[in-house]
Amino acid sequence: MTLVKDSVPRTRAARSAATARTGRPGRRRENLAGYLFMSPWIAGFVLLTAGPMVASLYFAFTDYNLFTAPKWVGFDNFTKMFDDPRWQKSVEVTAKYVVIGTPLKLLLALGVALLLAQSRRGQAFYRAAFYAPSLIGASVSVGFVWRSLFSDDAVVDRTQTFLGFPVGGWVGNADWVLYCLVALTVWQFGAPMVIFLAGLKQVPRELYEAAEMDGAGPFRKFWNITLPMISPVLFFNVLLETIHSFQIFGSAYVVSNTSCGPADATLVYTCYLYQQGFKNAQMGFASAMAWMLLLAVALVTAVLFWSQKKWVHYEEGAR
């Protein structure tokens, strides 16, 4: 009996050792196959993302004009940046665009999502119709169409004149052209609308029924139930749309006819970065601008994550 008992654990240990010896090559082959399938992504990340980022970080501290070898200048590009009035203008225009355009876009997206959350005929068609501008809004062709709509004696100008507000075309007016870009980004509210709609579908109906029994009206139900329940979705949309607004380039470049004007009225940050890097061949200065934009977006993102503790409500254990 003693021999039998002793042989059982020994047999199990021998099997485990054999399995470990035979399993290692199989595991290595699986890992090798996994890395092989990942290799296109890894190569793309190294060559198209990580590599250019490291190179641009080096160029940010050099005087580089694309035609001669980079010359190390330290922090000169950054100090020159803060003394540049056009750089200051680009920061002002971008901040104004973000502060005005992002809230308006999210308000419209939330309002339409609240309407579409109710059961009605043709709901699928309305969802698709409202989402469509988000698919085509970033195209160059839409930028040309938008510029023609807001030019002198165009549809918008004639409508304003008919209503008694003859301000002329927005594209050629330095006081109004930025609002033309804001209108374009607000028109593309489909993507955040879909996310809001998904969040609204997750709000329990029982909460609204209990509120109605307590005599709560539509505003109180929205403020005390809907808004807190969709606050994680709201935070997600605010974060995404804010980062997206900082990166505006195509619409400003096309609507202004590649001039970022008039009078630098549409000189958003990325537009000035493009001018410095590819028109003036100041790639070192442009790289410094790009890293400064990255730091600004990271700072805004950090502030948003810090502030979410005060207004974002998660379900217990979901944070």
# chains A, B, ... in the order shown; residues from 1 in each chain; ligands from 1

$ residues_around --residues "stretch 71-85 of chain A" --least-positions-apart "2" --cutoff "12 Å" --atoms "only C-alpha atoms" --output "PyMOL selection string"
chain A and resi 57-69+87-92+264+267+269+272-273+276+282-293

$ write_last_selection --atoms "N, CA and C atoms" --output "CSV table (one decimal), in the first residue's frame"
chain,number,residue,atom,x,y,z
A,57,LEU,N,10.4,65.2,-32.3
A,57,LEU,CA,10.9,65.7,-31.0
A,57,LEU,C,12.3,66.2,-31.1
A,58,TYR,N,13.1,65.5,-31.9
A,58,TYR,CA,14.5,66.0,-32.1
A,58,TYR,C,14.5,67.3,-32.9
A,59,PHE,N,13.7,67.3,-34.0
A,59,PHE,CA,13.7,68.5,-34.9
A,59,PHE,C,13.2,69.7,-34.1
A,60,ALA,N,12.3,69.5,-33.1
A,60,ALA,CA,11.8,70.7,-32.3
A,60,ALA,C,12.9,71.5,-31.6
A,61,PHE,N,14.1,70.9,-31.4
A,61,PHE,CA,15.2,71.5,-30.8
A,61,PHE,C,16.3,71.9,-31.8
A,62,THR,N,15.9,71.9,-33.1
A,62,THR,CA,16.9,72.2,-34.1
A,62,THR,C,16.4,73.3,-35.1
A,63,ASP,N,17.3,73.9,-35.8
A,63,ASP,CA,16.9,74.7,-36.9
A,63,ASP,C,17.0,73.9,-38.2
A,64,TYR,N,15.9,73.5,-38.7
A,64,TYR,CA,15.8,72.6,-39.8
A,64,TYR,C,14.8,73.1,-40.9
A,65,ASN,N,15.3,73.2,-42.1
A,65,ASN,CA,14.5,73.8,-43.2
A,65,ASN,C,14.3,72.8,-44.3
A,66,LEU,N,14.4,71.5,-44.1
A,66,LEU,CA,14.2,70.4,-45.0
A,66,LEU,C,15.2,70.3,-46.1
A,67,PHE,N,16.1,71.3,-46.3
A,67,PHE,CA,17.1,71.3,-47.3
A,67,PHE,C,18.5,71.2,-46.8
A,68,THR,N,18.8,71.5,-45.6
A,68,THR,CA,20.1,71.4,-45.0
A,68,THR,C,20.0,70.5,-43.7
A,69,ALA,N,21.1,70.1,-43.2
A,69,ALA,CA,21.2,69.3,-42.0
A,69,ALA,C,20.7,70.1,-40.8
A,87,TRP,N,1.7,83.3,-33.9
A,87,TRP,CA,1.4,82.2,-33.1
A,87,TRP,C,0.4,82.5,-32.0
A,88,GLN,N,0.6,83.6,-31.4
A,88,GLN,CA,-0.4,84.0,-30.3
A,88,GLN,C,-1.8,84.2,-30.9
A,89,LYS,N,-1.9,84.7,-32.2
A,89,LYS,CA,-3.2,84.8,-32.8
A,89,LYS,C,-3.8,83.4,-33.1
A,90,SER,N,-2.9,82.4,-33.5
A,90,SER,CA,-3.4,81.1,-33.8
A,90,SER,C,-4.0,80.4,-32.5
A,91,VAL,N,-3.3,80.7,-31.4
A,91,VAL,CA,-3.8,80.1,-30.1
A,91,VAL,C,-5.1,80.8,-29.8
A,92,GLU,N,-5.3,82.1,-30.0
A,92,GLU,CA,-6.5,82.8,-29.7
A,92,GLU,C,-7.7,82.2,-30.5
A,264,ASP,N,-6.1,86.7,-40.9
A,264,ASP,CA,-5.8,85.6,-40.0
A,264,ASP,C,-7.0,85.3,-39.1
A,267,LEU,N,-6.9,81.6,-38.7
A,267,LEU,CA,-5.6,81.0,-38.5
A,267,LEU,C,-5.6,80.1,-37.3
A,269,TYR,N,-4.5,76.8,-35.1
A,269,TYR,CA,-3.1,76.4,-34.7
A,269,TYR,C,-2.5,75.5,-35.8
A,272,TYR,N,-1.5,77.4,-39.0
A,272,TYR,CA,-0.2,78.1,-38.9
A,272,TYR,C,1.0,77.1,-38.8
A,273,LEU,N,0.8,76.0,-38.2
A,273,LEU,CA,1.8,74.9,-38.2
A,273,LEU,C,2.1,74.5,-39.6
A,276,GLN,N,4.2,77.2,-41.4
A,276,GLN,CA,5.5,77.2,-41.0
A,276,GLN,C,6.3,76.0,-41.5
A,282,GLN,N,10.2,75.9,-42.3
A,282,GLN,CA,10.7,75.9,-40.9
A,282,GLN,C,10.2,74.7,-40.2
A,283,MET,N,10.8,73.6,-40.5
A,283,MET,CA,10.3,72.3,-40.0
A,283,MET,C,10.6,72.2,-38.5
A,284,GLY,N,11.7,72.8,-38.1
A,284,GLY,CA,12.1,72.8,-36.6
A,284,GLY,C,11.1,73.5,-35.8
A,285,PHE,N,10.7,74.7,-36.3
A,285,PHE,CA,9.7,75.5,-35.6
A,285,PHE,C,8.3,74.8,-35.6
A,286,ALA,N,8.0,74.2,-36.7
A,286,ALA,CA,6.7,73.5,-36.8
A,286,ALA,C,6.7,72.3,-35.9
A,287,SER,N,7.8,71.6,-35.8
A,287,SER,CA,7.8,70.5,-34.8
A,287,SER,C,7.7,70.9,-33.4
A,288,ALA,N,8.3,72.1,-33.1
A,288,ALA,CA,8.1,72.6,-31.7
A,288,ALA,C,6.6,73.0,-31.5
A,289,MET,N,6.0,73.5,-32.5
A,289,MET,CA,4.5,73.9,-32.4
A,289,MET,C,3.7,72.6,-32.2
A,290,ALA,N,4.1,71.5,-32.9
A,290,ALA,CA,3.3,70.3,-32.8
A,290,ALA,C,3.4,69.7,-31.3
A,291,TRP,N,4.6,69.8,-30.8
A,291,TRP,CA,4.7,69.2,-29.4
A,291,TRP,C,4.1,70.2,-28.4
A,292,MET,N,4.1,71.4,-28.7
A,292,MET,CA,3.3,72.3,-27.8
A,292,MET,C,1.8,72.1,-27.8
A,293,LEU,N,1.3,71.8,-29.0
A,293,LEU,CA,-0.1,71.4,-29.1
A,293,LEU,C,-0.4,70.1,-28.4

$ select_by_dssp --residues "stretch 3-247 of chain A" --states "strand (DSSP E)" --output "list in words"
Thr62, Asp63, Lys71 and Trp72 of chain A

$ residues_around --residues "A:Phe189" --least-positions-apart "4" --cutoff "7 Å" --atoms "only C-alpha atoms" --output "list in words"
Lys105, Leu108, Ala109, Ser134 and Met193 of chain A

$ atom_distance --atom1 "atom CA of A:Arg120" --atom2 "atom CA of A:Phe236"
27.4 Å

$ atom_distance --atom1 "atom CA of A:Phe235" --atom2 "atom CA of A:Trp311"
9.0 Å

$ residues_around --residues "A:Leu104" --least-positions-apart "2" --cutoff "12 Å" --atoms "only C-alpha atoms" --output "PyMOL selection string"
chain A and resi 97-102+106-111+179+182-189+192+238+241-242

$ write_last_selection --atoms "N, CA and C atoms" --output "compact mmCIF listing (two decimals), in the first residue's frame"
# COMPACT_ATOMS: atom_id res chain seq x y z
N TYR A 97 -12.51 78.88 -31.12
CA TYR A 97 -13.23 77.84 -31.86
C TYR A 97 -13.63 76.70 -30.95
N VAL A 98 -12.72 76.25 -30.08
CA VAL A 98 -13.00 75.14 -29.18
C VAL A 98 -14.08 75.50 -28.18
N VAL A 99 -13.97 76.69 -27.60
CA VAL A 99 -14.91 77.11 -26.55
C VAL A 99 -16.32 77.31 -27.10
N ILE A 100 -16.43 77.78 -28.34
CA ILE A 100 -17.76 78.03 -28.91
C ILE A 100 -18.30 76.79 -29.62
N GLY A 101 -17.48 76.17 -30.45
CA GLY A 101 -17.97 75.08 -31.29
C GLY A 101 -18.29 73.80 -30.54
N THR A 102 -17.44 73.40 -29.60
CA THR A 102 -17.66 72.13 -28.92
C THR A 102 -18.95 72.10 -28.10
N LEU A 106 -22.27 69.63 -28.97
CA LEU A 106 -22.76 68.64 -28.00
C LEU A 106 -24.19 68.93 -27.58
N LEU A 107 -24.54 70.21 -27.45
CA LEU A 107 -25.93 70.55 -27.10
C LEU A 107 -26.89 70.10 -28.18
N LEU A 108 -26.53 70.36 -29.44
CA LEU A 108 -27.40 69.95 -30.54
C LEU A 108 -27.47 68.42 -30.63
N ALA A 109 -26.33 67.75 -30.43
CA ALA A 109 -26.32 66.29 -30.48
C ALA A 109 -27.20 65.70 -29.39
N LEU A 110 -27.12 66.26 -28.18
CA LEU A 110 -27.94 65.76 -27.07
C LEU A 110 -29.41 66.04 -27.31
N GLY A 111 -29.73 67.23 -27.83
CA GLY A 111 -31.12 67.57 -28.09
C GLY A 111 -31.76 66.65 -29.12
N TYR A 179 -17.23 81.90 -37.36
CA TYR A 179 -18.53 81.30 -37.06
C TYR A 179 -19.02 80.42 -38.20
N VAL A 182 -17.52 77.25 -37.19
CA VAL A 182 -18.29 76.71 -36.07
C VAL A 182 -19.57 76.06 -36.57
N ALA A 183 -20.24 76.73 -37.52
CA ALA A 183 -21.47 76.16 -38.08
C ALA A 183 -21.20 74.83 -38.78
N LEU A 184 -20.04 74.73 -39.43
CA LEU A 184 -19.70 73.48 -40.11
C LEU A 184 -19.47 72.35 -39.12
N THR A 185 -18.77 72.62 -38.03
CA THR A 185 -18.54 71.56 -37.04
C THR A 185 -19.81 71.19 -36.28
N VAL A 186 -20.69 72.16 -36.04
CA VAL A 186 -21.95 71.86 -35.38
C VAL A 186 -22.83 71.01 -36.28
N TRP A 187 -22.76 71.25 -37.58
CA TRP A 187 -23.54 70.48 -38.54
C TRP A 187 -23.16 69.00 -38.52
N GLN A 188 -21.92 68.71 -38.08
CA GLN A 188 -21.45 67.32 -38.03
C GLN A 188 -21.68 66.71 -36.64
N PHE A 189 -22.88 66.84 -36.12
CA PHE A 189 -23.16 66.39 -34.76
C PHE A 189 -23.58 64.92 -34.69
N PRO A 192 -21.46 62.21 -32.03
CA PRO A 192 -21.83 62.29 -30.61
C PRO A 192 -23.32 62.03 -30.37
N VAL A 238 -17.50 64.91 -24.47
CA VAL A 238 -16.78 66.17 -24.22
C VAL A 238 -15.29 65.97 -24.48
N GLU A 241 -14.67 65.32 -28.41
CA GLU A 241 -14.92 66.47 -29.26
C GLU A 241 -13.96 67.62 -28.96
N THR A 242 -13.52 67.74 -27.71
CA THR A 242 -12.54 68.78 -27.39
C THR A 242 -11.21 68.50 -28.07

$ closest_residue --among "A:Lys201, A:Asn237, A:Phe246, A:Trp223" --to "A:Ser119" --atoms "only C-alpha atoms"
A:Lys201

$ select_by_dssp --residues "stretch 75-318 of chain A" --states "alpha helix (DSSP H)" --output "count of residues only"
167
